Amino acid sequence: MDNRAKKENLLGNKNLRIRITLTDISSNGNDVKLVNELNGSVEAIKNEVSKIIVGQQEIINNLMISLLSGGHCLLIGVPGLAKTLLVKTLAEVLDLSFSRVQFTPDLMPSDITGTEIIEEDQISKKRSFRFVKGPIFANIILADEINRTPPKTQSALLEAMQEHKVTAAGVSYTLPEPFFVLATQNPIEQEGTYSLPEAQLDRFMFNLWLDYPSSDEEVEIVRSTTVDNDVKLSKVISIEKLIQYQNLVRRVPVADNVIKYAVDFVKITRPGSGLEKSDVDDLVNWGAGPRASQYLILAAKTKAIIEGRFTPNIDDVKAALIPVLRHRIIPSFNAEAEGVTSVDIINQLLQSR
């Protein structure tokens with residue numbers, strides 16, 4: 001296997017594996033050092049980001065968990081909550097290339113992935129095709145208002161998000177690692193929008209909702225953004241170190257009872273599962289699939305080592321339930337008529353376990 005194939009196997013396709021080798025990470029001196037180093041790096045990243053972003057600590061923490069897990073995020077919030085600024089700041093602190101794509105109804109798939117152009121050699125006068133890479137060839141992609149473009153263009157992200165590559169004219173091009181897609185949606189404007197298909201929603205590890213800042217936070221935002229304040233950000237970690245941390249997450253051992261809790265919780269979100277039938281069957285049309293279980297464990301592992309622990313527990317899984325399952329549970333008509341949301345269903349199931 002060549003180096004490129006090894007890298008793709010290591011960084012791209014592994015997000016579908018959850019087989020765990022139960023070797024105590026604390027017995028590996030290098031991994032122990034990395035865990036302690038990661039804990040300090042995450043704190044340094046948060047401190048740098050807080051120079052620009054006021055509040056939103058939970059969102060920043062979840063973004064870091066998703067990035068270290070190799071997942072993608074769907075970020076939902078009203079305009080003016082600094083979604084774009086947050087992502088751009090995070091990219092700068094992590095020394096990652098950043099690309100923003102403003103999704104509009106006339107956006108074409110080639111506007112995202114790239115296109116082939118005809119070039120003529122100045123000497124031989126021969127013409128040939130050359131692939132011009134699109135904005136997706138960056139480490140962090142901000143898909144701004146992704147639901148404003150038709151499904152044909154939305155689907156251009158599917159292969160990139162899952163396989164970390166794009167295909168043009170039958171040729172595959174590998175995307176740079178690490179590769180992280182953060183898509184935003186405006187929850188209050190529905191005119192001229194296209195709902196994301198469930199197959200694409202399932203590619204996002206987290207669905208995060210931004211709330212309005214508190215009164216004190218808003219005062220600080222206004223104070224810091226209405227003066228001449230040129231903030232210099234420091235780059236905390238390199239791309240190589242970030243990939244090293246992502247590989248560390250994969251080596252974190254997980255106890256069987258923690259995995260079973262995650263799998264069982266996902267199973268009870270499915271109508272007809274036979275488990276807690278009265279709680280789910282009348283409220284849910286479709287439940288979460290196996291990818292939800294995988295992301296719950298990855299999130300739990302990442303949360304544990306960020307906090308300096310060598311293995312996750314059930315509470316770590318519980319902390320990831322809402323962002324992982326919120327967009328994977330489709331409420332029934334009866335639930336929607338009663339104003340019951342997917343978050344309400346998750347909380348109801350959580351209280352019953």
# chains A, B, ... in the order shown; residues from 1 in each chain; ligands from 1
>>> residues_around(residues="stretch 63-71 of chain A", least_positions_apart="4", cutoff="7 Å", atoms="only C-alpha atoms", output="JSON, numbers by chain")
{"A": [59, 180, 204, 205, 245, 246, 249, 298, 299, 302, 303]}
>>> write_last_selection(atoms="C-alpha atoms", output="PDB file, in the first residue's frame")
ATOM      1  CA  ILE A  59     -20.216  25.885  20.766  1.00  0.00           C
ATOM      2  CA  PHE A 180     -13.626  19.935   8.109  1.00  0.00           C
ATOM      3  CA  PHE A 204     -22.791  15.910   9.848  1.00  0.00           C
ATOM      4  CA  MET A 205     -21.484  14.712  13.183  1.00  0.00           C
ATOM      5  CA  TYR A 245      -4.296  14.455  17.947  1.00  0.00           C
ATOM      6  CA  GLN A 246      -6.946  13.049  15.577  1.00  0.00           C
ATOM      7  CA  VAL A 249      -8.632   9.906  19.495  1.00  0.00           C
ATOM      8  CA  LEU A 298     -16.048   9.381  18.972  1.00  0.00           C
ATOM      9  CA  ALA A 299     -17.431  12.457  20.725  1.00  0.00           C
ATOM     10  CA  THR A 302     -12.606  13.193  22.387  1.00  0.00           C
ATOM     11  CA  LYS A 303     -14.351  14.860  25.325  1.00  0.00           C
TER      12      LYS A 303
END
>>> select_by_dssp(residues="stretch 4-209 of chain A", states="strand (DSSP E or B)", output="short mmCIF file (atom, residue, chain, number, x, y, z; two decimals) with N, CA and C atoms, in the first residue's frame")
data_model
loop_
_atom_site.label_atom_id
_atom_site.label_comp_id
_atom_site.auth_asym_id
_atom_site.auth_seq_id
_atom_site.Cartn_x
_atom_site.Cartn_y
_atom_site.Cartn_z
N CYS A 73 -19.78 19.71 11.03
CA CYS A 73 -20.80 20.35 11.85
C CYS A 73 -21.81 21.12 11.02
N LEU A 74 -23.06 21.06 11.46
CA LEU A 74 -24.12 21.91 10.93
C LEU A 74 -24.46 22.92 12.01
N LEU A 75 -24.25 24.20 11.71
CA LEU A 75 -24.39 25.27 12.69
C LEU A 75 -25.61 26.11 12.33
N ILE A 76 -26.56 26.19 13.25
CA ILE A 76 -27.81 26.89 12.99
C ILE A 76 -27.96 28.05 13.96
N PHE A 98 -8.52 28.24 5.02
CA PHE A 98 -9.94 28.49 5.22
C PHE A 98 -10.58 28.94 3.91
N SER A 99 -11.76 28.41 3.62
CA SER A 99 -12.47 28.79 2.40
C SER A 99 -13.95 28.94 2.71
N ARG A 100 -14.52 30.03 2.26
CA ARG A 100 -15.94 30.27 2.48
C ARG A 100 -16.69 30.20 1.15
N VAL A 101 -17.78 29.43 1.13
CA VAL A 101 -18.63 29.33 -0.06
C VAL A 101 -20.01 29.85 0.31
N GLN A 102 -20.41 30.92 -0.34
CA GLN A 102 -21.75 31.48 -0.10
C GLN A 102 -22.74 30.76 -1.01
N GLY A 114 -14.60 22.54 -8.41
CA GLY A 114 -13.62 22.93 -9.41
C GLY A 114 -14.07 22.51 -10.80
N THR A 115 -13.35 22.94 -11.80
CA THR A 115 -13.75 22.65 -13.18
C THR A 115 -12.53 22.47 -14.07
N GLU A 116 -12.73 21.83 -15.21
CA GLU A 116 -11.65 21.67 -16.18
C GLU A 116 -11.70 22.79 -17.21
N ILE A 117 -10.54 23.33 -17.52
CA ILE A 117 -10.45 24.36 -18.54
C ILE A 117 -9.48 23.90 -19.62
N ILE A 118 -9.63 24.47 -20.82
CA ILE A 118 -8.74 24.15 -21.94
C ILE A 118 -7.58 25.13 -21.95
N GLU A 119 -6.39 24.57 -21.97
CA GLU A 119 -5.19 25.39 -22.06
C GLU A 119 -4.44 25.08 -23.35
N GLU A 120 -3.85 26.11 -23.90
CA GLU A 120 -3.06 25.94 -25.12
C GLU A 120 -1.58 26.19 -24.82
N ARG A 127 -3.58 21.79 -27.34
CA ARG A 127 -4.55 22.10 -26.30
C ARG A 127 -4.77 20.89 -25.40
N SER A 128 -4.95 21.17 -24.14
CA SER A 128 -5.19 20.10 -23.17
C SER A 128 -6.07 20.63 -22.05
N PHE A 129 -6.67 19.70 -21.33
CA PHE A 129 -7.52 20.08 -20.21
C PHE A 129 -6.69 20.17 -18.93
N ARG A 130 -7.01 21.14 -18.12
CA ARG A 130 -6.37 21.29 -16.81
C ARG A 130 -7.44 21.52 -15.76
N PHE A 131 -7.36 20.78 -14.65
CA PHE A 131 -8.35 20.91 -13.59
C PHE A 131 -7.98 22.07 -12.68
N VAL A 132 -8.91 22.99 -12.53
CA VAL A 132 -8.73 24.13 -11.63
C VAL A 132 -9.50 23.83 -10.34
N LYS A 133 -8.78 23.72 -9.26
CA LYS A 133 -9.41 23.35 -8.00
C LYS A 133 -10.36 24.43 -7.51
N ILE A 140 -10.57 23.93 6.23
CA ILE A 140 -11.87 24.25 6.84
C ILE A 140 -12.74 24.94 5.79
N ILE A 141 -13.90 24.35 5.51
CA ILE A 141 -14.84 24.89 4.53
C ILE A 141 -16.06 25.42 5.27
N LEU A 142 -16.38 26.68 5.06
CA LEU A 142 -17.61 27.25 5.59
C LEU A 142 -18.64 27.28 4.47
N ALA A 143 -19.62 26.40 4.56
CA ALA A 143 -20.72 26.37 3.59
C ALA A 143 -21.83 27.26 4.14
N ASP A 144 -21.79 28.53 3.76
CA ASP A 144 -22.68 29.53 4.34
C ASP A 144 -24.08 29.42 3.75
N LYS A 165 -12.49 13.37 -0.86
CA LYS A 165 -11.98 13.52 -2.22
C LYS A 165 -13.12 14.01 -3.10
N VAL A 166 -12.78 14.54 -4.27
CA VAL A 166 -13.78 14.93 -5.26
C VAL A 166 -13.40 14.28 -6.58
N THR A 167 -14.40 14.06 -7.43
CA THR A 167 -14.17 13.44 -8.73
C THR A 167 -14.64 14.37 -9.82
N ALA A 168 -13.77 14.61 -10.79
CA ALA A 168 -14.09 15.46 -11.94
C ALA A 168 -13.59 14.79 -13.20
N VAL A 171 -11.67 11.57 -12.79
CA VAL A 171 -10.42 11.59 -12.04
C VAL A 171 -10.70 12.04 -10.61
N SER A 172 -10.16 11.30 -9.64
CA SER A 172 -10.36 11.64 -8.23
C SER A 172 -9.20 12.50 -7.73
N TYR A 173 -9.55 13.51 -6.95
CA TYR A 173 -8.56 14.40 -6.37
C TYR A 173 -8.72 14.37 -4.85
N THR A 174 -7.64 14.06 -4.15
CA THR A 174 -7.68 13.97 -2.69
C THR A 174 -7.66 15.35 -2.07
N PHE A 180 -12.54 19.66 7.17
CA PHE A 180 -13.63 19.93 8.11
C PHE A 180 -14.64 20.85 7.43
N VAL A 181 -15.88 20.38 7.28
CA VAL A 181 -16.96 21.18 6.69
C VAL A 181 -17.86 21.69 7.79
N LEU A 182 -18.06 22.99 7.81
CA LEU A 182 -19.01 23.59 8.74
C LEU A 182 -20.05 24.35 7.93
N ALA A 183 -21.26 23.85 7.96
CA ALA A 183 -22.35 24.46 7.19
C ALA A 183 -23.26 25.25 8.11
N THR A 184 -23.73 26.39 7.65
CA THR A 184 -24.64 27.21 8.45
C THR A 184 -26.01 27.28 7.82
N GLN A 185 -27.00 27.46 8.66
CA GLN A 185 -28.38 27.67 8.21
C GLN A 185 -29.01 28.77 9.04
N PHE A 206 -22.30 16.76 14.21
CA PHE A 206 -23.03 17.57 15.18
C PHE A 206 -24.00 18.51 14.48
N ASN A 207 -25.12 18.76 15.13
CA ASN A 207 -26.02 19.84 14.76
C ASN A 207 -26.05 20.79 15.96
N LEU A 208 -25.44 21.97 15.78
CA LEU A 208 -25.27 22.91 16.89
C LEU A 208 -26.15 24.13 16.68
N TRP A 209 -26.85 24.54 17.73
CA TRP A 209 -27.71 25.73 17.69
C TRP A 209 -27.06 26.84 18.49
#
>>> residues_around(residues="A:Phe103", least_positions_apart="5", cutoff="6 Å", atoms="only C-alpha atoms", output="MDAnalysis selection string")
chainID A and resid 144:146 148:149
>>> write_last_selection(atoms="C-alpha atoms", output="CSV table (one decimal), in the first residue's frame")
chain,number,residue,atom,x,y,z
A,144,ASP,CA,-22.7,29.5,4.3
A,145,GLU,CA,-26.5,29.1,4.2
A,146,ILE,CA,-26.2,25.7,2.6
A,148,ARG,CA,-30.2,28.2,-0.2
A,149,THR,CA,-28.9,26.1,-3.0
>>> select_by_dssp(residues="stretch 78-116 of chain A", states="helix (DSSP H, G or I)", output="list in words")
Lys83, Thr84, Leu85, Leu86, Val87, Lys88, Thr89, Leu90, Ala91, Glu92, Val93, Pro109, Ser110, Asp111, Ile112 and Thr113 of chain A
>>> residues_around(residues="A:Val280", least_positions_apart="6", cutoff="12 Å", atoms="only C-alpha atoms", output="PDB file with C-alpha atoms, in the first residue's frame")
ATOM      1  CA  PHE A 265     -29.871   4.620  23.115  1.00  0.00           C
ATOM      2  CA  VAL A 266     -29.687   4.994  19.349  1.00  0.00           C
ATOM      3  CA  LYS A 267     -31.775   1.842  18.887  1.00  0.00           C
ATOM      4  CA  ILE A 268     -34.642   3.124  21.060  1.00  0.00           C
ATOM      5  CA  THR A 269     -34.999   6.173  18.788  1.00  0.00           C
ATOM      6  CA  ARG A 270     -36.206   3.847  16.020  1.00  0.00           C
ATOM      7  CA  PRO A 271     -39.923   3.083  15.753  1.00  0.00           C
ATOM      8  CA  GLY A 272     -40.679  -0.617  15.987  1.00  0.00           C
ATOM      9  CA  SER A 273     -37.424  -1.410  17.772  1.00  0.00           C
ATOM     10  CA  GLY A 274     -39.377  -3.200  20.488  1.00  0.00           C
ATOM     11  CA  TRP A 286     -37.480   7.724  11.488  1.00  0.00           C
ATOM     12  CA  GLY A 287     -34.826   7.181  14.096  1.00  0.00           C
ATOM     13  CA  ILE A 329     -34.565  11.894  14.573  1.00  0.00           C
ATOM     14  CA  ILE A 330     -37.523  12.786  12.341  1.00  0.00           C
ATOM     15  CA  PRO A 331     -40.602  13.606  14.490  1.00  0.00           C
ATOM     16  CA  SER A 332     -43.958  12.258  13.336  1.00  0.00           C
ATOM     17  CA  ASN A 334     -48.515  13.870  15.643  1.00  0.00           C
ATOM     18  CA  ALA A 335     -45.384  15.059  17.421  1.00  0.00           C
ATOM     19  CA  VAL A 340     -42.753  18.101  20.207  1.00  0.00           C
ATOM     20  CA  SER A 342     -36.462  15.958  18.306  1.00  0.00           C
ATOM     21  CA  ASP A 344     -37.856  16.913  23.430  1.00  0.00           C
ATOM     22  CA  ILE A 345     -37.855  13.276  22.309  1.00  0.00           C
ATOM     23  CA  ILE A 346     -34.182  12.850  23.225  1.00  0.00           C
ATOM     24  CA  ASN A 347     -34.766  14.364  26.684  1.00  0.00           C
ATOM     25  CA  GLN A 348     -37.805  12.155  27.218  1.00  0.00           C
ATOM     26  CA  LEU A 349     -35.809   9.039  26.351  1.00  0.00           C
ATOM     27  CA  SER A 352     -36.545   7.112  31.057  1.00  0.00           C
TER      28      SER A 352
END
>>> residues_around(residues="stretch 40-43 of chain A", least_positions_apart="3", cutoff="9 Å", atoms="only C-alpha atoms", output="count of residues only")
11
>>> atom_distance(atom1="atom CA of A:Phe137", atom2="atom CA of A:Leu175")
5.7 Å
>>> atom_distance(atom1="atom CA of A:Ala199", atom2="atom CA of A:Leu296")
18.1 Å
